[in-house]
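Next comes model.cif, a file with mmCIF, C-alpha atoms.
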data_final
#
loop_
_atom_site.label_atom_id
_atom_site.label_comp_id
_atom_site.auth_asym_id
_atom_site.auth_seq_id
_atom_site.Cartn_x
_atom_site.Cartn_y
_atom_site.Cartn_z
CA MET T 1 0.00 0.00 0.00
CA ALA T 2 1.30 3.48 -0.82
CA LYS T 3 1.89 5.94 2.03
CA LYS T 4 -0.88 8.23 0.75
CA GLN T 5 -3.46 5.40 0.78
CA PHE T 6 -2.36 4.36 4.25
CA ILE T 7 -2.85 7.93 5.51
CA GLU T 8 -6.34 7.98 3.93
CA SER T 9 -7.14 4.64 5.62
CA LEU T 10 -6.37 6.17 9.03
CA ASN T 11 -9.72 7.97 8.54
CA GLN T 12 -8.85 11.17 10.41
CA SER T 13 -11.36 13.98 9.95
CA ARG T 14 -8.86 16.63 11.18
CA CYS T 15 -5.33 17.31 9.99
CA ASP T 16 -4.29 18.29 13.51
CA GLN T 17 -4.49 14.57 14.45
CA PHE T 18 -1.16 14.16 12.64
CA ALA T 19 2.24 15.18 14.04
CA PHE T 20 5.63 15.60 12.34
CA THR T 21 7.82 15.98 15.41
CA CYS T 22 8.29 14.11 18.68
CA LYS T 23 8.29 17.35 20.66
CA GLY T 24 5.56 18.06 23.18
CA PHE T 25 4.58 14.46 23.95
CA ASP T 26 4.98 12.62 27.24
CA LEU T 27 4.48 9.13 25.77
CA ILE T 28 5.63 7.95 22.34
CA LEU T 29 4.63 4.53 21.03
CA CYS T 30 6.87 3.47 18.15
CA VAL T 31 5.77 0.45 16.06
CA GLY T 32 6.94 -1.17 12.83
CA THR T 33 10.17 0.70 12.19
CA PHE T 34 13.91 0.28 12.71
CA PRO T 35 14.70 4.00 13.17
CA SER T 36 18.50 3.78 12.90
CA ARG T 37 17.92 2.29 9.42
CA HIS T 38 14.74 4.00 8.23
CA ASP T 39 14.90 7.52 9.61
CA THR T 40 17.92 8.74 11.57
CA ALA T 41 16.29 12.15 12.09
CA LEU T 42 13.37 10.38 13.79
CA LEU T 43 15.82 8.37 15.89
CA GLU T 44 17.56 11.54 17.10
CA SER T 45 14.21 13.17 17.80
CA LEU T 46 13.13 10.14 19.87
CA ARG T 47 16.39 10.05 21.78
CA GLU T 48 16.30 13.77 22.57
CA SER T 49 12.66 13.66 23.65
CA ASN T 50 11.75 13.74 27.36
CA ALA T 51 8.85 11.39 26.65
CA LYS T 52 8.61 7.81 27.85
CA VAL T 53 9.08 5.58 24.80
CA VAL T 54 7.30 2.27 24.16
CA TYR T 55 9.11 0.48 21.34
CA LEU T 56 7.49 -2.53 19.67
CA PHE T 57 9.35 -4.28 16.85
CA THR T 58 10.53 -7.67 15.62
CA MET T 59 14.16 -6.86 16.50
CA GLU T 60 16.06 -4.66 18.91
CA ASP T 61 17.23 -1.39 17.42
CA GLN T 62 19.93 -0.98 20.06
CA ALA T 63 20.02 2.80 19.62
CA LEU T 64 16.33 3.08 20.59
CA VAL T 65 16.03 0.18 23.06
CA GLU T 66 18.45 2.00 25.40
CA LYS T 67 16.08 5.00 25.45
CA SER T 68 12.89 2.95 25.80
CA THR T 69 10.84 2.69 28.98
CA PHE T 70 9.29 -0.47 27.54
CA PHE T 71 10.49 -2.68 24.68
CA SER T 72 8.94 -5.86 23.35
CA ARG T 73 9.70 -8.03 20.34
CA TYR T 74 6.65 -9.20 18.43
CA GLU T 75 6.49 -12.00 15.87
CA VAL T 76 7.07 -11.20 12.21
CA GLY T 77 3.75 -10.63 10.43
CA SER T 78 1.69 -10.01 13.59
CA GLU T 79 1.36 -6.21 13.30
CA GLU T 80 -2.40 -6.33 12.61
CA GLY T 81 -2.95 -8.35 15.80
CA ILE T 82 -0.72 -5.96 17.79
CA PHE T 83 -2.87 -2.98 16.80
CA ALA T 84 -6.11 -4.84 17.54
CA LEU T 85 -4.85 -5.56 21.09
CA LEU T 86 -3.61 -1.99 21.61
CA ALA T 87 -6.79 -0.39 20.28
CA LYS T 88 -9.03 -2.58 22.45
CA SER T 89 -6.91 -1.89 25.52
CA PHE T 90 -6.53 1.88 25.02
CA LEU T 91 -10.20 2.45 24.17
CA ALA T 92 -11.71 0.25 26.91
CA GLN T 93 -13.03 3.34 28.76
CA SER T 94 -13.96 5.35 25.63
CA LYS T 95 -17.46 5.90 24.29
CA LEU T 96 -17.48 3.87 21.08
CA PRO T 97 -20.07 3.18 18.36
CA GLU T 98 -21.88 -0.11 18.94
CA THR T 99 -20.29 -1.81 15.90
CA ILE T 100 -16.76 -1.08 17.16
CA LYS T 101 -17.64 -2.14 20.70
CA ASN T 102 -18.97 -5.46 19.36
CA TYR T 103 -15.85 -5.89 17.23
CA PHE T 104 -13.56 -5.61 20.27
CA GLU T 105 -15.79 -7.91 22.36
CA ALA T 106 -15.50 -10.63 19.69
CA LEU T 107 -11.71 -10.30 19.41
CA ASP T 108 -9.84 -13.54 20.13
CA GLU T 109 -7.25 -11.96 22.44
CA GLY T 110 -5.81 -15.27 23.63
CA TYR T 111 -4.97 -16.38 20.10
CA ILE T 112 -3.56 -13.00 19.06
CA SER T 113 -1.44 -12.67 22.21
CA ALA T 114 0.00 -16.15 21.81
CA GLU T 115 0.75 -15.80 18.10
CA SER T 116 2.11 -12.24 18.26
CA ASN T 117 4.21 -12.79 21.41
CA LEU T 118 2.67 -9.74 23.10
CA GLY T 119 1.18 -11.09 26.31
CA GLU T 120 -1.64 -9.81 28.51
CA GLU T 121 0.77 -8.49 31.17
CA GLU T 122 2.73 -6.54 28.56
CA ILE T 123 -0.45 -5.01 27.16
CA GLU T 124 -1.45 -4.00 30.71
CA GLU T 125 1.95 -2.38 31.24
CA ILE T 126 1.65 -0.39 28.00
CA GLU T 127 -1.94 0.57 28.85
CA ALA T 128 -0.84 1.88 32.28
CA LEU T 129 1.71 4.15 30.56
CA TYR T 130 -1.00 5.29 28.11
CA GLN T 131 -3.50 6.08 30.88
CA GLU T 132 -0.89 8.10 32.84
CA ALA T 133 0.11 10.19 29.83
CA GLN T 134 -1.45 13.48 28.75
CA ASN T 135 -0.06 13.73 25.22
CA VAL T 136 0.47 10.50 23.30
CA LEU T 137 2.14 10.04 19.92
CA ILE T 138 1.97 6.84 17.88
CA VAL T 139 4.80 6.51 15.35
CA LEU T 140 3.73 4.22 12.49
CA GLY T 141 6.61 2.65 10.56
CA ASP T 142 7.05 1.41 6.99
CA ASP T 143 6.48 -2.23 7.97
CA LEU T 144 2.84 -1.34 8.68
CA ILE T 145 2.37 0.35 5.30
CA SER T 146 3.87 -2.58 3.38
CA HIS T 147 2.00 -5.23 5.41
CA PRO T 148 -0.59 -7.24 3.42
CA ARG T 149 -3.20 -6.07 5.98
CA ALA T 150 -2.12 -2.41 5.93
CA SER T 151 -5.65 -1.09 5.47
CA ASN T 152 -7.01 -2.75 8.63
CA ILE T 153 -3.88 -1.79 10.59
CA ALA T 154 -4.53 1.84 9.58
CA HIS T 155 -8.20 1.56 10.59
CA LEU T 156 -7.22 0.27 14.05
CA ALA T 157 -4.49 2.88 14.60
CA GLY T 158 -6.89 5.56 13.38
CA LEU T 159 -9.48 4.54 16.00
CA ILE T 160 -6.96 5.21 18.80
CA ALA T 161 -6.52 8.76 17.51
CA MET T 162 -10.24 9.22 16.87
CA TYR T 163 -11.63 7.96 20.18
CA GLY T 164 -8.54 8.04 22.42
CA LYS T 165 -5.88 10.63 23.12
CA ALA T 166 -3.15 9.91 20.57
CA LYS T 167 -1.79 11.76 17.58
CA LEU T 168 -0.26 9.92 14.64
CA CYS T 169 3.17 10.26 13.04
CA ILE T 170 3.85 8.31 9.84
CA VAL T 171 7.56 7.69 9.29
CA GLY T 172 8.71 9.68 6.26
CA ALA T 173 5.42 11.54 5.75
CA THR T 174 5.26 15.29 5.11
CA PRO T 175 2.41 17.72 5.95
CA GLU T 176 1.52 17.84 2.22
CA MET T 177 0.62 14.12 2.30
CA VAL T 178 -1.94 14.53 5.07
CA VAL T 179 -5.59 14.41 4.08
CA GLU T 180 -8.82 14.71 6.01
CA THR T 181 -11.04 11.69 5.49
CA LYS T 182 -14.76 11.45 6.14
CA ASN T 183 -15.09 7.67 5.58
CA GLU T 184 -16.70 5.49 8.19
CA THR T 185 -14.21 3.00 9.69
CA VAL T 186 -15.21 -0.54 8.75
CA LEU T 187 -13.07 -3.06 10.64
CA GLU T 188 -12.22 -6.50 9.29
CA ASP T 189 -11.54 -9.54 11.45
CA VAL T 190 -7.88 -10.02 12.29
CA GLU T 191 -6.49 -12.61 9.89
CA ASP T 192 -4.73 -15.71 11.17
CA ILE T 193 -1.11 -14.72 11.76
CA LYS T 194 1.08 -16.28 9.09
CA SER T 195 4.07 -18.21 10.40
CA PHE T 196 7.59 -17.18 9.33
CA ASP T 197 9.35 -20.39 10.32
CA GLY T 198 12.89 -20.90 9.13
CA VAL T 199 15.73 -18.51 8.34
CA VAL T 200 14.35 -14.95 8.05
CA VAL T 201 15.94 -11.79 6.63
CA TYR T 202 14.76 -8.20 6.84
CA GLN T 203 15.33 -6.07 3.75
CA CYS T 204 16.22 -2.54 4.79
CA PRO T 205 18.04 0.55 3.50
CA ALA T 206 21.84 0.24 3.34
CA MET T 207 23.86 2.55 5.58
CA SER T 208 26.79 2.52 3.12
CA LYS T 209 27.61 1.24 -0.38
CA ASP T 210 29.64 -1.66 1.10
CA GLU T 211 26.64 -2.95 3.04
CA GLU T 212 24.79 -3.80 -0.17
CA ASN T 213 27.02 -6.89 -0.45
CA LEU T 214 26.50 -8.06 3.13
CA LEU T 215 24.05 -10.08 5.19
CA ILE T 216 24.36 -8.94 8.81
CA GLY T 217 23.19 -11.18 11.63
CA SER T 218 23.56 -12.07 15.28
CA ALA T 219 25.33 -15.05 16.86
CA GLN T 220 21.90 -16.75 17.10
CA PHE T 221 21.25 -16.18 13.39
CA GLN T 222 24.71 -17.53 12.58
CA MET T 223 23.84 -20.78 14.38
CA ALA T 224 20.37 -21.05 12.83
CA ALA T 225 21.67 -20.44 9.30
CA LYS T 226 24.80 -22.60 9.85
CA VAL T 227 27.17 -19.90 8.56
CA GLN T 228 30.33 -18.23 9.84
CA SER T 229 31.36 -14.58 9.73
CA GLY T 230 33.13 -13.91 6.44
CA ASP T 231 31.42 -16.78 4.55
CA LYS T 232 30.47 -16.07 0.93
CA ILE T 233 26.83 -17.14 0.63
CA ASN T 234 23.89 -17.12 -1.77
CA VAL T 235 20.58 -15.92 -0.33
CA THR T 236 17.49 -17.08 -2.24
CA ILE T 237 14.27 -15.03 -1.97
CA ASN T 238 11.39 -16.19 -4.19
CA GLN T 239 13.71 -17.85 -6.75
CA GLU T 240 15.97 -14.75 -6.90
CA VAL T 241 19.54 -15.38 -5.76
CA TYR T 242 21.57 -12.66 -4.02
CA PRO T 243 25.32 -13.20 -3.50
CA ARG T 244 26.37 -11.85 -0.09
CA THR T 245 29.07 -12.06 2.56
CA PHE T 246 27.79 -12.95 6.03
CA VAL T 247 28.96 -10.63 8.82
CA ARG T 248 28.25 -11.31 12.47
CA ASP T 249 27.20 -8.27 14.49
CA ASP T 250 27.04 -8.82 18.25
CA SER T 251 24.88 -5.73 18.78
CA LEU T 252 22.04 -7.62 17.03
CA LYS T 253 19.90 -10.16 18.86
CA GLY T 254 17.38 -12.73 17.68
CA VAL T 255 17.23 -14.80 14.53
CA ILE T 256 16.44 -12.18 11.88
CA ALA T 257 19.34 -10.92 9.75
CA LEU T 258 19.58 -7.50 8.10
CA MET T 259 19.79 -7.63 4.32
CA SER T 260 20.67 -4.13 3.17
CA CYS T 261 19.51 -3.01 -0.27
CA ALA T 262 20.27 0.14 -2.26
CA LYS T 263 16.52 0.59 -2.57
CA ALA T 264 14.15 -1.80 -0.84
CA ASP T 265 10.91 -2.31 -2.77
CA SER T 266 7.48 -1.61 -1.30
CA SER T 267 6.66 -5.23 -0.37
CA TYR T 268 6.62 -6.48 3.23
CA PRO T 269 10.37 -6.61 4.02
CA TYR T 270 10.58 -9.96 5.84
CA HIS T 271 11.40 -13.12 3.88
CA VAL T 272 11.97 -16.75 4.77
CA VAL T 273 15.10 -17.52 2.77
CA LYS T 274 17.35 -20.34 1.72
CA ILE T 275 21.04 -19.75 2.42
CA VAL T 276 23.80 -21.84 0.85
CA LYS T 277 27.55 -21.30 0.90
CA ALA T 278 28.82 -20.07 -2.44
CA GLU T 279 31.17 -22.41 -4.30
CA VAL T 280 34.71 -21.09 -4.27
CA GLN T 281 35.88 -20.48 -7.83
#

Could you rewrite the structure in this file as C-alpha cells?
Amino acid sequence: MAKKQFIESLNQSRCDQFAFTCKGFDLILCVGTFPSRHDTALLESLRESNAKVVYLFTMEDQALVEKSTFFSRYEVGSEEGIFALLAKSFLAQSKLPETIKNYFEALDEGYISAESNLGEEEIEEIEALYQEAQNVLIVLGDDLISHPRASNIAHLAGLIAMYGKAKLCIVGATPEMVVETKNETVLEDVEDIKSFDGVVVYQCPAMSKDEENLLIGSAQFQMAAKVQSGDKINVTINQEVYPRTFVRDDSLKGVIALMSCAKADSSYPYHVVKIVKAEVQ
C-alpha cells in the first residue's frame, strides 16, 4: 500500500491529528520501524525527547532500546494483531459506536497474544503508561504500510486517535501528504497470523555502499543459518539469488538478519530464505 493510501485509511477527519515531530509528547509509542535504518532524524528526535518511549518491533534497534521505557519483540507478520490488542486496551473506557464495541468484544485476544508474542501483562503495562500520559504520539513505521493487511492496521491505529488521546506520526510523511477523510471505519476480522518459520531476513536501506554486499546477523542467526562470519553465501528469496558475505554483528539479537539493499521495494520486508555457501571459484 502506498503511504498516501495508508494515511487515507487512518480515517482522520482533522489534519491536527497528525504530528511531524516528537516534541511536546509525554508518551511515544513506536511500532513497525527500525529508526536507525529507516529515519535517523526520527531516531535523534526520539532520543532527545523527554517522553517515555514504548518500542514494539521484531528486533532490537539498540540505539532506541536504550532510550525505551518499555520494549517488546513481536512475531514477524503479527502487526495487525498488535494494533487490535492496543486499540481494544486503550479504548476500553472510551465511548465507542456499537459496531466497534462489538468488534472488540468478539476479538480472540488469547490467540492474538500467543501468536504475536505480546502477552496480557505486557499489554497492561503499555496501557498503564497510556492512561498516565497526557499527550500521546503513535509513530507508524514502513512495515505497517507494506503489510498485506495495511488497510485494517490503519483503521485500528486511526481509531486510537479518533476515540482516544493519541496523535499519529507516519515515518517519512510530510504535511503535504496529510488528508482529512470522512469515511466510516469498517473493521475486518484479524487474519490468522502467518508463520515465518525458518531462516528470516529483513530487507532494509543500506547505511553505506559496502553494506549492499552483506548479510548482517547475530550469533543466534549464525547458528540457525549454519554460517560463519566472512562466509560467501547465496541468499534465495522467491527464486531470486543474491550473492552476499555474512557478517556477524554482536549488537544484534534474535534470529532475523539484516539484508541491506540500495533501494528496498514496497513489499513487506521480511522473507523466509534459503542460504547456501557459495562455491569457491

Residue among T:Leu56, T:Val136, T:Met1, T:Cys261 lying closest to Gly24 (chain T), counting only C-alpha atoms: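 The shortest atom-to-atom distance to Gly24 (chain T) comes from T:Val136.
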
Picked residues, the PyMOL selection byres ((chain T and resi 198) around 9), expected as an MDAnalysis selection string: chainID T and resid 196:197 199:200 224:225 272:274

Close residues, Ser36 (chain T) itself excluded, 9 Å, only C-alpha atoms, min 3 positions apart in chain, as a list in words: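 My list of contacting residues is Thr33, Asp39, Thr40, Ala41, Leu42, Leu43, Glu44, Asp61, Gln62, Ala63 and Leu64 of chain T.
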
Explicit residues for the PyMOL selection byres ((chain T and resi 154-162) around 9) (as number ranges by chain): T: 6-13, 17, 80, 83-84, 86-88, 90-91, 138, 140, 144-145, 149-153, 163-168, 185-187

Residues of the last selection are to be written out with C-alpha atoms, as a short mmCIF file (atom, residue, chain, number, x, y, z; two decimals), in the frame of the given file.
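As written to disk, part.cif reads:
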data_model
loop_
_atom_site.label_atom_id
_atom_site.label_comp_id
_atom_site.auth_asym_id
_atom_site.auth_seq_id
_atom_site.Cartn_x
_atom_site.Cartn_y
_atom_site.Cartn_z
CA PHE T 6 -2.36 4.36 4.25
CA ILE T 7 -2.85 7.93 5.51
CA GLU T 8 -6.34 7.98 3.93
CA SER T 9 -7.14 4.64 5.62
CA LEU T 10 -6.37 6.17 9.03
CA ASN T 11 -9.72 7.97 8.54
CA GLN T 12 -8.85 11.17 10.41
CA SER T 13 -11.36 13.98 9.95
CA GLN T 17 -4.49 14.57 14.45
CA GLU T 80 -2.40 -6.33 12.61
CA PHE T 83 -2.87 -2.98 16.80
CA ALA T 84 -6.11 -4.84 17.54
CA LEU T 86 -3.61 -1.99 21.61
CA ALA T 87 -6.79 -0.39 20.28
CA LYS T 88 -9.03 -2.58 22.45
CA PHE T 90 -6.53 1.88 25.02
CA LEU T 91 -10.20 2.45 24.17
CA ILE T 138 1.97 6.84 17.88
CA LEU T 140 3.73 4.22 12.49
CA LEU T 144 2.84 -1.34 8.68
CA ILE T 145 2.37 0.35 5.30
CA ARG T 149 -3.20 -6.07 5.98
CA ALA T 150 -2.12 -2.41 5.93
CA SER T 151 -5.65 -1.09 5.47
CA ASN T 152 -7.01 -2.75 8.63
CA ILE T 153 -3.88 -1.79 10.59
CA TYR T 163 -11.63 7.96 20.18
CA GLY T 164 -8.54 8.04 22.42
CA LYS T 165 -5.88 10.63 23.12
CA ALA T 166 -3.15 9.91 20.57
CA LYS T 167 -1.79 11.76 17.58
CA LEU T 168 -0.26 9.92 14.64
CA THR T 185 -14.21 3.00 9.69
CA VAL T 186 -15.21 -0.54 8.75
CA LEU T 187 -13.07 -3.06 10.64
#

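Restricting the calculation to only C-alpha atoms, the smallest distance between Val139 (chain T) and any of T:Met207, T:Leu27, T:Cys15, T:Val76 is found for T:Leu27.
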
Atom-to-atom span, CA of Glu79 (chain T) and CA of Lys23 (chain T), Å: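 Result for CA of Glu79 (chain T) versus CA of Lys23 (chain T): 25.6 Å, one decimal.
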
Of the listed residues T:Ser218, T:Asn234, T:Ser260, T:Ser78, that which approaches Asp143 (chain T) most closely, counting only C-alpha atoms: T:Ser78

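The two atoms in question, CA of Gly141 (chain T) and CA of Glu98 (chain T), are spaced 29.8 Å apart.
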
Point-to-point distance in Å for CA of Pro35 (chain T) and CA of Val190 (chain T): 26.6 Å

Pick from T:Asp108, T:Leu29, T:Glu66, T:Lys209 nearest to Glu127 (chain T), counting only C-alpha atoms: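 Smallest distance to Glu127 (chain T) is found for T:Leu29.
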
From T:Ile275, T:Val227, T:Ala92, T:Ile123, residue lying nearest Pro243 (chain T) [only C-alpha atoms]: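 Nearest to Pro243 (chain T): T:Ile275.
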
Residues matched by the PyMOL selection byres ((chain T and resi 256) around 8) as an NGL selection string: :T and (59 or 199-202 or 217-218 or 221 or 254-255 or 257-258)

Contacts of Asp142 (chain T) within 12 Å, all atoms listed in the file, excl. fewer than 6 positions in-chain, as a PyMOL selection string: chain T and resi 1-3+6-7+30-35+37-39+57+79+150+153-154+169-173+203-205+264-270

Pick from T:Asp189, T:Glu125, T:Glu211, T:Asp16 nearest to Ala106 (chain T), counting only C-alpha atoms: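 Nearest candidate to Ala106 (chain T) out of T:Asp189, T:Glu125, T:Glu211, T:Asp16: T:Asp189.
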
Cut-off 12 Å around (31.5, -12.4, -5.1) with all atoms listed in the file: residues as a ChimeraX atom specification: /T:212-214,230-234,242-246,277-281

Residues as selected, C-alpha atoms, written as a compact mmCIF listing (two decimals), in the frame of the given file, can you do that?
# COMPACT_ATOMS: atom_id res chain seq x y z
CA GLU T 212 24.79 -3.80 -0.17
CA ASN T 213 27.02 -6.89 -0.45
CA LEU T 214 26.50 -8.06 3.13
CA GLY T 230 33.13 -13.91 6.44
CA ASP T 231 31.42 -16.78 4.55
CA LYS T 232 30.47 -16.07 0.93
CA ILE T 233 26.83 -17.14 0.63
CA ASN T 234 23.89 -17.12 -1.77
CA TYR T 242 21.57 -12.66 -4.02
CA PRO T 243 25.32 -13.20 -3.50
CA ARG T 244 26.37 -11.85 -0.09
CA THR T 245 29.07 -12.06 2.56
CA PHE T 246 27.79 -12.95 6.03
CA LYS T 277 27.55 -21.30 0.90
CA ALA T 278 28.82 -20.07 -2.44
CA GLU T 279 31.17 -22.41 -4.30
CA VAL T 280 34.71 -21.09 -4.27
CA GLN T 281 35.88 -20.48 -7.83
